[in-house]
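Before any comments, here is the structure.
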2 protein chains.
Amino acid sequence: MMRTRPLKVALLGCGVVGSEVVRIMSTHADDLAARIGAPLELAGVAVRRPGRVREGIDPALVTTDAVGLVQRDDIDVVVEVIGGIEPARTLITTAFEHGASVVTANKALLAEDGSTLHETAEKHGADLYFEAAVAAAIPLVRPLRESLAGDKVNRVLGIVNGTTNFILDRMTTSGAGYNEALEEATALGYAEADPTADVEGFDAAAKAAILAGIAFHTRVRLDDVHREGLTDVSAADIASARRMGCTVKLLAICERSADGRSVTARVHPAMIPLSHPLASVHEAYNAVFVEAEAAGQLMFYGPGAGGAPTASAVLGDLVAACRNKVNGARGPGESAYAQLAVSPMGEVVTRYHISLDVADKPGVLAQVATIFAEHGVSIDTVRQQGKDGDAWLVVVTHRAPDAALTATVEALRKLDTVRGVASIMRVEGE
Amino acid sequence: MMRTRPLKVALLGCGVVGSEVVRIMSTHADDLAARIGAPLELAGVAVRRPGRVREGIDPALVTTDAVGLVQRDDIDVVVEVIGGIEPARTLITTAFEHGASVVTANKALLAEDGSTLHETAEKHGADLYFEAAVAAAIPLVRPLRESLAGDKVNRVLGIVNGTTNFILDRMTTSGAGYNEALEEATALGYAEADPTADVEGFDAAAKAAILAGIAFHTRVRLDDVHREGLTDVSAADIASARRMGCTVKLLAICERSADGRSVTARVHPAMIPLSHPLASVHEAYNAVFVEAEAAGQLMFYGPGAGGAPTASAVLGDLVAACRNKVNGARGPGESAYAQLAVSPMGEVVTRYHISLDVADKPGVLAQVATIFAEHGVSIDTVRQQGKDGDAWLVVVTHRAPDAALTATVEALRKLDTVRGVASIMRVEGE
Ligand SMILES: NC(=O)c1ccc[n+]([C@@H]2O[C@H](COP(=O)([O-])OP(=O)(O)OC[C@H]3O[C@@H](n4cnc5c(N)ncnc54)[C@H](OP(=O)(O)O)[C@@H]3O)[C@@H](O)[C@H]2O)c1
Ligand SMILES: NC(=O)c1ccc[n+]([C@@H]2O[C@H](COP(=O)([O-])OP(=O)(O)OC[C@H]3O[C@@H](n4cnc5c(N)ncnc54)[C@H](OP(=O)(O)O)[C@@H]3O)[C@@H](O)[C@H]2O)c1
């Protein structure tokens with residue numbers, strides 16, 4: 001049964017993602033109407049530069065008055081694809097206050113202040129959907145919030161940033177250094193002019209906060225996520241990983257502690273075995289493993305960015321929000337009842353790969369091994385290498401708390417025989 | 001806000017899946033209550049053999065009167081994990097008539113008569129959820145019905161039966177024949193005593209019908225699915241695939257035609273390149289590719305069967321159905337508005353690998369090539385092999401309609417110089 005009054009959609013932002021949202025809304029208008037039970041009408045498009053030519057958009061709909069647009073009481077759903085904290089936060093809040101539901105792709109804002117947004121949505125009986133905020137079109141938010149709602153998720157581990165995966169993949173396949181690989185990524189449009197958010201891990205950390213929050217039914221904010229980017233990853237690290245039968249990936253890892261009482265969330269480069277499915281995720285693709293008690297290990301894979309894939313996720317949420325409007329229903333709200341503690345990085349337990357530049361003298365290995373033992377970090381393998389006075393020790397440990405490893409490294413730095421700690425990398429996925 | 005009246009759940013069947021549903025409902029009762037907004041109460045368990053000891057279940061709840069259980073007007077949600085057509089169909093219908101929503105894992109029934117069930121649910125304002133019917137805990141039904149509701153799915157291709165994947169994987173890694181691999185699968189509990197539903201492709205075909213229906217918004221029934229099992233796959237086929245850089249998998253493939261006006265659904269063994277991600281799906285795992293216009297290529301991977309993984313999917317649906325009961329909302333109903341035609345196998349366009357046992361004479365290749373050309377099937381590569389009077393031609397074609405290939409093979413069989421058509425296998429995933 002199709003109702004005749006169309007559902008009015010206000011679009012905030014019409015860039016890479018927004019323009020694709022408009023394109024799909026118009027080319028697939030009939031399908032969308034059939035799936036929703038009512039036609040969609042684009043009621044207004046807020047942008048910064050109104051003068052730009054925007055294909056397929058009636059210029060009369062374009063406005064710079066985003067606030068005025070979200071204050072209209074006839075808007076059913078607001079799609080926010082501007083990005084950043086402000087004005088996005090104010091606009092979304094205003095939209096809820098005027099009775100609209102919101103679909104957003106804004107990971108930065110959700111990781112910064114998602115709970116406030118959820119509370120405002122709840123207060124006004126509106127929906128807040130955000131599938132596009134994590135890994136674009138790869139369904140992850142809805143599977144975690146709904147498909148796994150009857151299970152206990154213990155771990156989420158994945159590649160959630162395409163830019164950094166592209167850079168690491170190039171470093172791995174061509175032996176290029178970080179700067180050279182970044183240049184190639186920029187030239188091919190995989191990295192932005194200012195790549196900070198990607199290469200310093202901010203983007204992945206925001207996604208980790210969102211994933212941890214929904215996986216563990218606990219509020220997790222960007223500040224709770226331990227974050228290391230990939231700017232320090234060297235060609236030597238990648239070669240070293242290969243010698244171990246591993247590759248280097250920038251991973252987002254959200255884990256429940258062994259006693260189940262706390263969780264951790266972190267983003268950092270890590271070595272993973274070449275046999276691990278994440279090792280074969282190339283170019284700018286994303287892939288995420290979810291480990292749940294009953295379901296076991298699930299993997300989700302696909303393009304994690306781009307205008308069309310992100311718009312696909314936005315449109316899926318738009319259909320859901322609109323169906324709810326038509327049926328007088330509500331989607332799932334925030335689920336943060338578990339209120340687990342978010343533990344600091346020091347409590348994370350994992351394995352480590354450490355390269356030490358040491359003096360070429362007898363007894364060095366014994367000294368180094370003693371330091372590890374004193375800090376309770378058990379060694380799995382040690383490889384000595386070197387020639388012409390240059391000597392290296394490559395140590396791979398068993399699982400140990402991150403704090404113990406940090407203390408070990410501090411003590412190692414004080415040894416006369418250790419000239420430098422060339423690199424420390426965590427080993428995951430085993 | 002927790003309401004105090006619990007939601008009453010009736011469980012139909014308490015075998016491999018049902019017993020895990022009960023276990024999770026009791027061990028995670030608090031979490032489920034928090035996520036739903038009301039506690040769950042197991043109101044009754046219908047089985048065939050009431051005398052069996054069932055761990056963790058109050059014997060007073062166990063009944064053989066399944067009809068009486070679903071006729072109770074206090075039941076909020078019925079979970080059907082008996083399987084098969086009857087009595088499951090009657091029980092589900094009765095449950096809807098008495099106001100309950102239904103969660104089922106019953107692929108056979110959904111593929112046989114899903115539309116009637118959806119109509120009955122609709123008529124009584126109830127929900128019908130069935131994530132567990134396809135690939136157990138791997139979220140596929142909800143992503144297709146909801147996450148991709150704003151996109152246009154063009155293809156679903158995957159491994160959806162764990163038993164047959166286990167058998168083919170063993171044949172590939174150990175060189176075992178079909179019978180030997182089946183015996184091993186049975187001994188390890190991967191195949192049932194009567195393996196017909198799995199090895200003849202009925203199970204996969206039911207899943208293909210369900211996936212095609214939701215992907216293309218069109219009714220697709222088991223009878224619409226072209227089905228070939230793997231009982232004819234020989235060790236020679238597997239060796240032949242390896243020589244081509246391929247492996248053999250039993251695939252379920254649902255496709256939209258090039259003109260977009262019809263769809264096809266099929267299950268058969270096929271060769272896929274070793275570089276394709278599905279080639280690395282080992283043992284009893286399942287994996288499904290979904291190709292959508294805007295989203296691009298997505299992959300979902302995980303355990304496709306087993307009590308706990310299937311129960312995880314059932315519980316996710318149970319939480320959704322219960323949330324809807326609490327909020328007076330409704331989940332998505334059947335979406336079959338597109339009413340696309342389901343074309344027969346002859347219209348499928350793909351590539352083929354054909355092994356011919358031929359007379360060891362000059363001119364045979366020319367004869368064979370002429371037959372292919374006459375039927376409009378273009379040859380990609382031919383390999384001639386043979387010694388001591390034995391001669392073989394292995395032909396790999398370009399893409400051609402299945403009907404053209406069938407006609408080609410018929411004509412080849414009539415040639416005096418062709419002693420036999422040893423095998424025909426489709427080549428996919430390129
Ligand atoms: N691009 C991706 O692959 C991707 C993937 C996942 C998620 N996302 C998220 O999607 C969102 C949008 O990303 P995008 O790549 O589409 O960004 P973008 O191309 O930079 O587009 C931003 C749009 O917002 C408009 N805008 C900026 N400031 C505004 C203001 N104060 N008032 C009104 N409009 C304003 C811009 O107007 P003008 O057109 O006039 O400049 C532009 O249309 C971000 O939250 C991003 O994190 C993007
Ligand atoms: N097992 C899997 O890995 C898996 C995966 C995905 C989907 N599924 C689906 O889940 C469903 C259940 O599978 P299952 O493996 O759990 O089957 P199962 O182990 O054979 O259990 C069937 C249950 O139904 C009961 N039952 C049979 N006939 C009945 C009747 N007429 N009235 C009442 N109860 C009856 C049986 O009672 P008794 O206990 O007294 O014998 C048993 O408890 C099927 O639709 C199957 O296709 C299973």
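By convention in this document, the chains of the structure tokens carry letters A, B, ... by their order, each chain's residues are numbered from 1, and ligands are numbered from 1 in the order they are shown.
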**Prompt:** If you run DSSP on the backbone, which residues of segment 73-170 of chain B are strand (DSSP E), as a VMD selection string?
**Reply:** chain B and resid 77 to 80 101 to 104 128 to 129 153 to 159
Give as a short mmCIF file (atom, residue, chain, number, x, y, z; two decimals) with N, CA, C and O atoms, in the first residue's frame every residue of chain A that touches chain B within 6 Å, counting only C-alpha atoms.
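Once everything was written out, this is result38.cif:
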```
data_model
loop_
_atom_site.label_atom_id
_atom_site.label_comp_id
_atom_site.auth_asym_id
_atom_site.auth_seq_id
_atom_site.Cartn_x
_atom_site.Cartn_y
_atom_site.Cartn_z
N ALA A 137 30.16 0.95 2.77
CA ALA A 137 29.04 0.06 2.46
C ALA A 137 29.13 -1.28 3.14
O ALA A 137 28.18 -2.06 3.10
N SER A 147 22.01 -8.05 14.20
CA SER A 147 22.19 -9.49 13.95
C SER A 147 22.83 -10.18 15.14
O SER A 147 22.50 -11.32 15.48
N LEU A 148 23.79 -9.52 15.80
CA LEU A 148 24.50 -10.13 16.92
C LEU A 148 23.93 -9.68 18.27
O LEU A 148 24.57 -9.86 19.30
N ALA A 149 22.72 -9.13 18.26
CA ALA A 149 22.12 -8.62 19.50
C ALA A 149 21.83 -9.73 20.51
O ALA A 149 21.62 -9.46 21.69
N GLY A 150 21.82 -10.98 20.07
CA GLY A 150 21.57 -12.07 21.01
C GLY A 150 22.84 -12.82 21.36
O GLY A 150 22.79 -13.86 22.00
N ASP A 151 23.98 -12.31 20.95
CA ASP A 151 25.25 -13.00 21.16
C ASP A 151 26.16 -12.12 22.03
O ASP A 151 25.81 -10.99 22.37
N ALA A 294 28.83 -17.32 20.51
CA ALA A 294 28.08 -18.38 19.82
C ALA A 294 28.35 -18.39 18.32
O ALA A 294 28.49 -19.44 17.71
N ALA A 295 28.44 -17.23 17.71
CA ALA A 295 28.60 -17.16 16.25
C ALA A 295 29.97 -17.64 15.80
O ALA A 295 30.12 -18.10 14.68
N GLN A 297 33.80 -16.92 14.53
CA GLN A 297 34.53 -15.85 13.86
C GLN A 297 33.86 -15.50 12.53
O GLN A 297 33.75 -16.33 11.63
N LEU A 298 33.45 -14.26 12.41
CA LEU A 298 32.82 -13.78 11.18
C LEU A 298 33.74 -12.77 10.52
O LEU A 298 34.46 -12.04 11.21
N MET A 299 33.73 -12.69 9.19
CA MET A 299 34.50 -11.64 8.53
C MET A 299 33.62 -10.88 7.55
O MET A 299 32.79 -11.47 6.86
N PHE A 300 33.83 -9.58 7.49
CA PHE A 300 33.12 -8.70 6.58
C PHE A 300 34.16 -7.97 5.75
O PHE A 300 35.11 -7.42 6.31
N TYR A 301 33.99 -7.94 4.43
CA TYR A 301 35.01 -7.41 3.54
C TYR A 301 34.38 -6.55 2.44
O TYR A 301 33.31 -6.88 1.95
N GLY A 302 35.05 -5.50 2.04
CA GLY A 302 34.56 -4.69 0.93
C GLY A 302 35.28 -3.36 0.83
O GLY A 302 36.25 -3.12 1.54
N ALA A 308 30.26 6.35 -3.88
CA ALA A 308 29.14 5.43 -4.11
C ALA A 308 28.98 4.42 -2.97
O ALA A 308 27.87 4.24 -2.46
N PRO A 309 30.06 3.73 -2.54
CA PRO A 309 29.87 2.78 -1.43
C PRO A 309 29.34 3.46 -0.16
O PRO A 309 28.49 2.89 0.54
N SER A 312 25.73 4.11 -0.59
CA SER A 312 24.93 2.89 -0.46
C SER A 312 24.52 2.68 1.00
O SER A 312 23.36 2.39 1.30
N LEU A 315 21.96 5.31 2.01
CA LEU A 315 20.63 5.03 1.46
C LEU A 315 19.95 3.88 2.20
O LEU A 315 18.74 3.91 2.42
N GLY A 316 20.72 2.86 2.60
CA GLY A 316 20.14 1.76 3.38
C GLY A 316 19.55 2.30 4.68
O GLY A 316 18.43 1.95 5.07
N ALA A 329 7.20 3.53 13.63
CA ALA A 329 8.06 2.67 14.44
C ALA A 329 9.37 3.39 14.79
O ALA A 329 9.60 4.52 14.38
#
```
Using only C-alpha atoms and all ligand atoms, I'd like a table of the residues in chain A that come within 7 Å of ligand 1; for each, show the closest atom pair and its distance in Å rounded to one decimal, ordered by chain and ascending number, as JSON lines.
```
{"residue": "A:Leu12", "atom": "CA", "partner": "ligand 1", "partner_atom_place_in_ligand_line": "34 (N)", "distance": 5.8}
{"residue": "A:Gly13", "atom": "CA", "partner": "ligand 1", "partner_atom_place_in_ligand_line": "24 (O)", "distance": 3.4}
{"residue": "A:Cys14", "atom": "CA", "partner": "ligand 1", "partner_atom_place_in_ligand_line": "43 (O)", "distance": 3.4}
{"residue": "A:Gly15", "atom": "CA", "partner": "ligand 1", "partner_atom_place_in_ligand_line": "21 (O)", "distance": 3.3}
{"residue": "A:Val16", "atom": "CA", "partner": "ligand 1", "partner_atom_place_in_ligand_line": "16 (O)", "distance": 3.7}
{"residue": "A:Val17", "atom": "CA", "partner": "ligand 1", "partner_atom_place_in_ligand_line": "16 (O)", "distance": 3.7}
{"residue": "A:Gly18", "atom": "CA", "partner": "ligand 1", "partner_atom_place_in_ligand_line": "16 (O)", "distance": 5.5}
{"residue": "A:Ala46", "atom": "CA", "partner": "ligand 1", "partner_atom_place_in_ligand_line": "33 (C)", "distance": 4.9}
{"residue": "A:Val47", "atom": "CA", "partner": "ligand 1", "partner_atom_place_in_ligand_line": "34 (N)", "distance": 3.4}
{"residue": "A:Arg48", "atom": "CA", "partner": "ligand 1", "partner_atom_place_in_ligand_line": "40 (O)", "distance": 3.6}
{"residue": "A:Arg49", "atom": "CA", "partner": "ligand 1", "partner_atom_place_in_ligand_line": "40 (O)", "distance": 3.5}
{"residue": "A:Pro50", "atom": "CA", "partner": "ligand 1", "partner_atom_place_in_ligand_line": "40 (O)", "distance": 6.0}
{"residue": "A:Thr64", "atom": "CA", "partner": "ligand 1", "partner_atom_place_in_ligand_line": "33 (C)", "distance": 6.0}
{"residue": "A:Ala66", "atom": "CA", "partner": "ligand 1", "partner_atom_place_in_ligand_line": "33 (C)", "distance": 5.7}
{"residue": "A:Val81", "atom": "CA", "partner": "ligand 1", "partner_atom_place_in_ligand_line": "11 (C)", "distance": 4.1}
{"residue": "A:Ile82", "atom": "CA", "partner": "ligand 1", "partner_atom_place_in_ligand_line": "24 (O)", "distance": 3.6}
{"residue": "A:Gly83", "atom": "CA", "partner": "ligand 1", "partner_atom_place_in_ligand_line": "45 (O)", "distance": 3.1}
{"residue": "A:Gly84", "atom": "CA", "partner": "ligand 1", "partner_atom_place_in_ligand_line": "45 (O)", "distance": 6.1}
{"residue": "A:Pro87", "atom": "CA", "partner": "ligand 1", "partner_atom_place_in_ligand_line": "31 (N)", "distance": 5.8}
{"residue": "A:Ala105", "atom": "CA", "partner": "ligand 1", "partner_atom_place_in_ligand_line": "10 (O)", "distance": 4.6}
{"residue": "A:Asn106", "atom": "CA", "partner": "ligand 1", "partner_atom_place_in_ligand_line": "45 (O)", "distance": 3.5}
{"residue": "A:Lys107", "atom": "CA", "partner": "ligand 1", "partner_atom_place_in_ligand_line": "47 (O)", "distance": 5.9}
{"residue": "A:Ala108", "atom": "CA", "partner": "ligand 1", "partner_atom_place_in_ligand_line": "47 (O)", "distance": 6.8}
{"residue": "A:Ala132", "atom": "CA", "partner": "ligand 1", "partner_atom_place_in_ligand_line": "6 (C)", "distance": 5.7}
{"residue": "A:Ala133", "atom": "CA", "partner": "ligand 1", "partner_atom_place_in_ligand_line": "7 (C)", "distance": 5.1}
{"residue": "A:Val134", "atom": "CA", "partner": "ligand 1", "partner_atom_place_in_ligand_line": "6 (C)", "distance": 6.7}
{"residue": "A:Ala135", "atom": "CA", "partner": "ligand 1", "partner_atom_place_in_ligand_line": "6 (C)", "distance": 6.6}
{"residue": "A:Ala136", "atom": "CA", "partner": "ligand 1", "partner_atom_place_in_ligand_line": "6 (C)", "distance": 5.0}
{"residue": "A:Gly304", "atom": "CA", "partner": "ligand 1", "partner_atom_place_in_ligand_line": "5 (C)", "distance": 7.0}
{"residue": "A:Ala305", "atom": "CA", "partner": "ligand 1", "partner_atom_place_in_ligand_line": "3 (O)", "distance": 3.8}
{"residue": "A:Gly306", "atom": "CA", "partner": "ligand 1", "partner_atom_place_in_ligand_line": "3 (O)", "distance": 3.5}
{"residue": "A:Gly307", "atom": "CA", "partner": "ligand 1", "partner_atom_place_in_ligand_line": "3 (O)", "distance": 5.2}
{"residue": "A:Thr310", "atom": "CA", "partner": "ligand 1", "partner_atom_place_in_ligand_line": "5 (C)", "distance": 5.3}
```
**Message:** Calculated over only C-alpha atoms, which of the candidates A:Ala359, A:Thr172, A:Ile210, A:Ala403 has the smallest distance to Asp224 of chain A?
**Reply:** A:Ile210
Residues at most 10 Å from Ala121 of chain B, counting only C-alpha atoms, excluding those fewer than 5 positions away in the same chain, as a PDB file with all heavy atoms, in the first residue's frame?
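Saved file around37.pdb follows:
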```
ATOM      1  N   ILE B  92       3.664 -22.614  12.319  1.00  0.00           N
ATOM      2  CA  ILE B  92       3.992 -21.198  12.119  1.00  0.00           C
ATOM      3  C   ILE B  92       2.728 -20.409  11.783  1.00  0.00           C
ATOM      4  O   ILE B  92       2.485 -19.326  12.332  1.00  0.00           O
ATOM      5  CB  ILE B  92       5.064 -21.048  11.007  1.00  0.00           C
ATOM      6  CG1 ILE B  92       6.406 -21.615  11.493  1.00  0.00           C
ATOM      7  CG2 ILE B  92       5.201 -19.596  10.574  1.00  0.00           C
ATOM      8  CD1 ILE B  92       7.514 -21.606  10.433  1.00  0.00           C
ATOM      9  N   THR B  93       1.905 -20.979  10.910  1.00  0.00           N
ATOM     10  CA  THR B  93       0.663 -20.311  10.522  1.00  0.00           C
ATOM     11  C   THR B  93      -0.233 -20.109  11.742  1.00  0.00           C
ATOM     12  O   THR B  93      -0.783 -19.022  11.963  1.00  0.00           O
ATOM     13  CB  THR B  93      -0.060 -21.157   9.449  1.00  0.00           C
ATOM     14  OG1 THR B  93       0.849 -21.386   8.378  1.00  0.00           O
ATOM     15  CG2 THR B  93      -1.296 -20.449   8.933  1.00  0.00           C
ATOM     16  N   ALA B  95       0.701 -19.959  14.817  1.00  0.00           N
ATOM     17  CA  ALA B  95       1.325 -18.968  15.703  1.00  0.00           C
ATOM     18  C   ALA B  95       0.929 -17.550  15.268  1.00  0.00           C
ATOM     19  O   ALA B  95       0.525 -16.724  16.098  1.00  0.00           O
ATOM     20  CB  ALA B  95       2.846 -19.125  15.673  1.00  0.00           C
ATOM     21  N   PHE B  96       1.028 -17.268  13.968  1.00  0.00           N
ATOM     22  CA  PHE B  96       0.636 -15.938  13.467  1.00  0.00           C
ATOM     23  C   PHE B  96      -0.836 -15.657  13.796  1.00  0.00           C
ATOM     24  O   PHE B  96      -1.191 -14.563  14.235  1.00  0.00           O
ATOM     25  CB  PHE B  96       0.834 -15.852  11.948  1.00  0.00           C
ATOM     26  CG  PHE B  96       2.273 -15.754  11.516  1.00  0.00           C
ATOM     27  CD1 PHE B  96       2.712 -16.446  10.378  1.00  0.00           C
ATOM     28  CD2 PHE B  96       3.185 -14.966  12.199  1.00  0.00           C
ATOM     29  CE1 PHE B  96       4.031 -16.362   9.949  1.00  0.00           C
ATOM     30  CE2 PHE B  96       4.516 -14.871  11.774  1.00  0.00           C
ATOM     31  CZ  PHE B  96       4.926 -15.571  10.648  1.00  0.00           C
ATOM     32  N   GLU B  97      -1.680 -16.667  13.585  1.00  0.00           N
ATOM     33  CA  GLU B  97      -3.123 -16.481  13.820  1.00  0.00           C
ATOM     34  C   GLU B  97      -3.416 -16.151  15.276  1.00  0.00           C
ATOM     35  O   GLU B  97      -4.425 -15.534  15.585  1.00  0.00           O
ATOM     36  CB  GLU B  97      -3.887 -17.749  13.406  1.00  0.00           C
ATOM     37  CG  GLU B  97      -3.965 -17.894  11.887  1.00  0.00           C
ATOM     38  CD  GLU B  97      -4.363 -19.306  11.435  1.00  0.00           C
ATOM     39  OE1 GLU B  97      -4.573 -20.177  12.308  1.00  0.00           O
ATOM     40  OE2 GLU B  97      -4.435 -19.525  10.211  1.00  0.00           O
ATOM     41  N   GLY B  99      -1.382 -14.300  17.048  1.00  0.00           N
ATOM     42  CA  GLY B  99      -0.760 -13.013  17.386  1.00  0.00           C
ATOM     43  C   GLY B  99       0.728 -13.045  17.675  1.00  0.00           C
ATOM     44  O   GLY B  99       1.321 -12.016  18.003  1.00  0.00           O
ATOM     45  N   ALA B 100       1.350 -14.209  17.557  1.00  0.00           N
ATOM     46  CA  ALA B 100       2.783 -14.277  17.857  1.00  0.00           C
ATOM     47  C   ALA B 100       3.604 -13.909  16.625  1.00  0.00           C
ATOM     48  O   ALA B 100       3.163 -14.086  15.489  1.00  0.00           O
ATOM     49  CB  ALA B 100       3.148 -15.682  18.321  1.00  0.00           C
ATOM     50  N   SER B 101       4.806 -13.391  16.847  1.00  0.00           N
ATOM     51  CA  SER B 101       5.782 -13.263  15.774  1.00  0.00           C
ATOM     52  C   SER B 101       6.571 -14.563  15.723  1.00  0.00           C
ATOM     53  O   SER B 101       6.566 -15.328  16.689  1.00  0.00           O
ATOM     54  CB  SER B 101       6.720 -12.080  16.031  1.00  0.00           C
ATOM     55  OG  SER B 101       6.036 -10.876  15.769  1.00  0.00           O
ATOM     56  N   VAL B 102       7.248 -14.812  14.597  1.00  0.00           N
ATOM     57  CA  VAL B 102       7.948 -16.081  14.419  1.00  0.00           C
ATOM     58  C   VAL B 102       9.391 -15.858  13.987  1.00  0.00           C
ATOM     59  O   VAL B 102       9.670 -15.007  13.134  1.00  0.00           O
ATOM     60  CB  VAL B 102       7.223 -16.972  13.374  1.00  0.00           C
ATOM     61  CG1 VAL B 102       8.049 -18.223  13.047  1.00  0.00           C
ATOM     62  CG2 VAL B 102       5.835 -17.366  13.874  1.00  0.00           C
ATOM     63  N   SER B 115       6.356 -17.152   0.617  1.00  0.00           N
ATOM     64  CA  SER B 115       5.416 -16.059   0.377  1.00  0.00           C
ATOM     65  C   SER B 115       4.130 -16.209   1.167  1.00  0.00           C
ATOM     66  O   SER B 115       3.595 -15.234   1.695  1.00  0.00           O
ATOM     67  CB  SER B 115       5.103 -15.959  -1.109  1.00  0.00           C
ATOM     68  OG  SER B 115       6.261 -15.539  -1.780  1.00  0.00           O
ATOM     69  N   THR B 116       3.624 -17.443   1.237  1.00  0.00           N
ATOM     70  CA  THR B 116       2.398 -17.665   2.004  1.00  0.00           C
ATOM     71  C   THR B 116       2.629 -17.318   3.477  1.00  0.00           C
ATOM     72  O   THR B 116       1.784 -16.680   4.116  1.00  0.00           O
ATOM     73  CB  THR B 116       1.944 -19.137   1.884  1.00  0.00           C
ATOM     74  OG1 THR B 116       1.940 -19.482   0.501  1.00  0.00           O
ATOM     75  CG2 THR B 116       0.572 -19.341   2.476  1.00  0.00           C
ATOM     76  N   ALA B 126       2.197  -9.505  12.313  1.00  0.00           N
ATOM     77  CA  ALA B 126       3.298 -10.150  13.047  1.00  0.00           C
ATOM     78  C   ALA B 126       4.582 -10.095  12.225  1.00  0.00           C
ATOM     79  O   ALA B 126       4.561  -9.800  11.032  1.00  0.00           O
ATOM     80  CB  ALA B 126       2.926 -11.593  13.352  1.00  0.00           C
ATOM     81  N   ASP B 127       5.699 -10.364  12.886  1.00  0.00           N
ATOM     82  CA  ASP B 127       6.995 -10.401  12.203  1.00  0.00           C
ATOM     83  C   ASP B 127       7.388 -11.827  11.856  1.00  0.00           C
ATOM     84  O   ASP B 127       7.104 -12.763  12.620  1.00  0.00           O
ATOM     85  CB  ASP B 127       8.092  -9.847  13.123  1.00  0.00           C
ATOM     86  CG  ASP B 127       8.089  -8.331  13.176  1.00  0.00           C
ATOM     87  OD1 ASP B 127       7.596  -7.704  12.220  1.00  0.00           O
ATOM     88  OD2 ASP B 127       8.598  -7.779  14.169  1.00  0.00           O
ATOM     89  N   LEU B 128       8.100 -11.981  10.732  1.00  0.00           N
ATOM     90  CA  LEU B 128       8.711 -13.262  10.368  1.00  0.00           C
ATOM     91  C   LEU B 128      10.194 -12.995  10.121  1.00  0.00           C
ATOM     92  O   LEU B 128      10.559 -12.292   9.181  1.00  0.00           O
ATOM     93  CB  LEU B 128       8.063 -13.826   9.103  1.00  0.00           C
ATOM     94  CG  LEU B 128       8.723 -15.090   8.509  1.00  0.00           C
ATOM     95  CD1 LEU B 128       8.700 -16.247   9.501  1.00  0.00           C
ATOM     96  CD2 LEU B 128       8.027 -15.489   7.203  1.00  0.00           C
ATOM     97  N   GLY B 333       8.676  -6.438   6.112  1.00  0.00           N
ATOM     98  CA  GLY B 333       7.925  -7.587   5.607  1.00  0.00           C
ATOM     99  C   GLY B 333       8.545  -8.090   4.320  1.00  0.00           C
ATOM    100  O   GLY B 333       9.682  -7.754   3.984  1.00  0.00           O
ATOM    101  N   GLU B 334       7.790  -8.908   3.591  1.00  0.00           N
ATOM    102  CA  GLU B 334       8.292  -9.398   2.313  1.00  0.00           C
ATOM    103  C   GLU B 334       8.385  -8.230   1.337  1.00  0.00           C
ATOM    104  O   GLU B 334       7.520  -7.354   1.313  1.00  0.00           O
ATOM    105  CB  GLU B 334       7.343 -10.457   1.737  1.00  0.00           C
ATOM    106  CG  GLU B 334       7.877 -11.042   0.433  1.00  0.00           C
ATOM    107  CD  GLU B 334       6.941 -12.080  -0.189  1.00  0.00           C
ATOM    108  OE1 GLU B 334       5.721 -11.940  -0.042  1.00  0.00           O
ATOM    109  OE2 GLU B 334       7.457 -13.011  -0.822  1.00  0.00           O
TER     110      GLU B 334
END
```
**Asked** Counting only C-alpha atoms, what is within 10 Å of Glu41 of chain A, bar same-chain residues fewer than 3 positions away, as a list in words?
**Response** Arg5, Pro6, Leu7, Lys8, Val9, Ala10, Met25, Ser26, Ala29, Ala33, Ala38, Gly44, Ile75 and Asp76 of chain A
**Message:** With only C-alpha atoms as the counted atoms, please give the residues lying no more than 6 Å from segment 410-419 of chain A, apart from itself and same-chain residues fewer than 3 positions off, as a ChimeraX atom specification.
**Reply:** /A:357-359,407
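Here the question is which of B:Thr350, B:Thr4, B:Thr381, B:Thr120 gets nearest to Ala270 of chain B using only C-alpha atoms, and that residue is B:Thr350.
When only C-alpha atoms are used to measure the gap to Ala185 of chain A, the shortest distance among A:Cys254, A:Ala284, A:Ala265, A:Ile379 belongs to A:Ala284.
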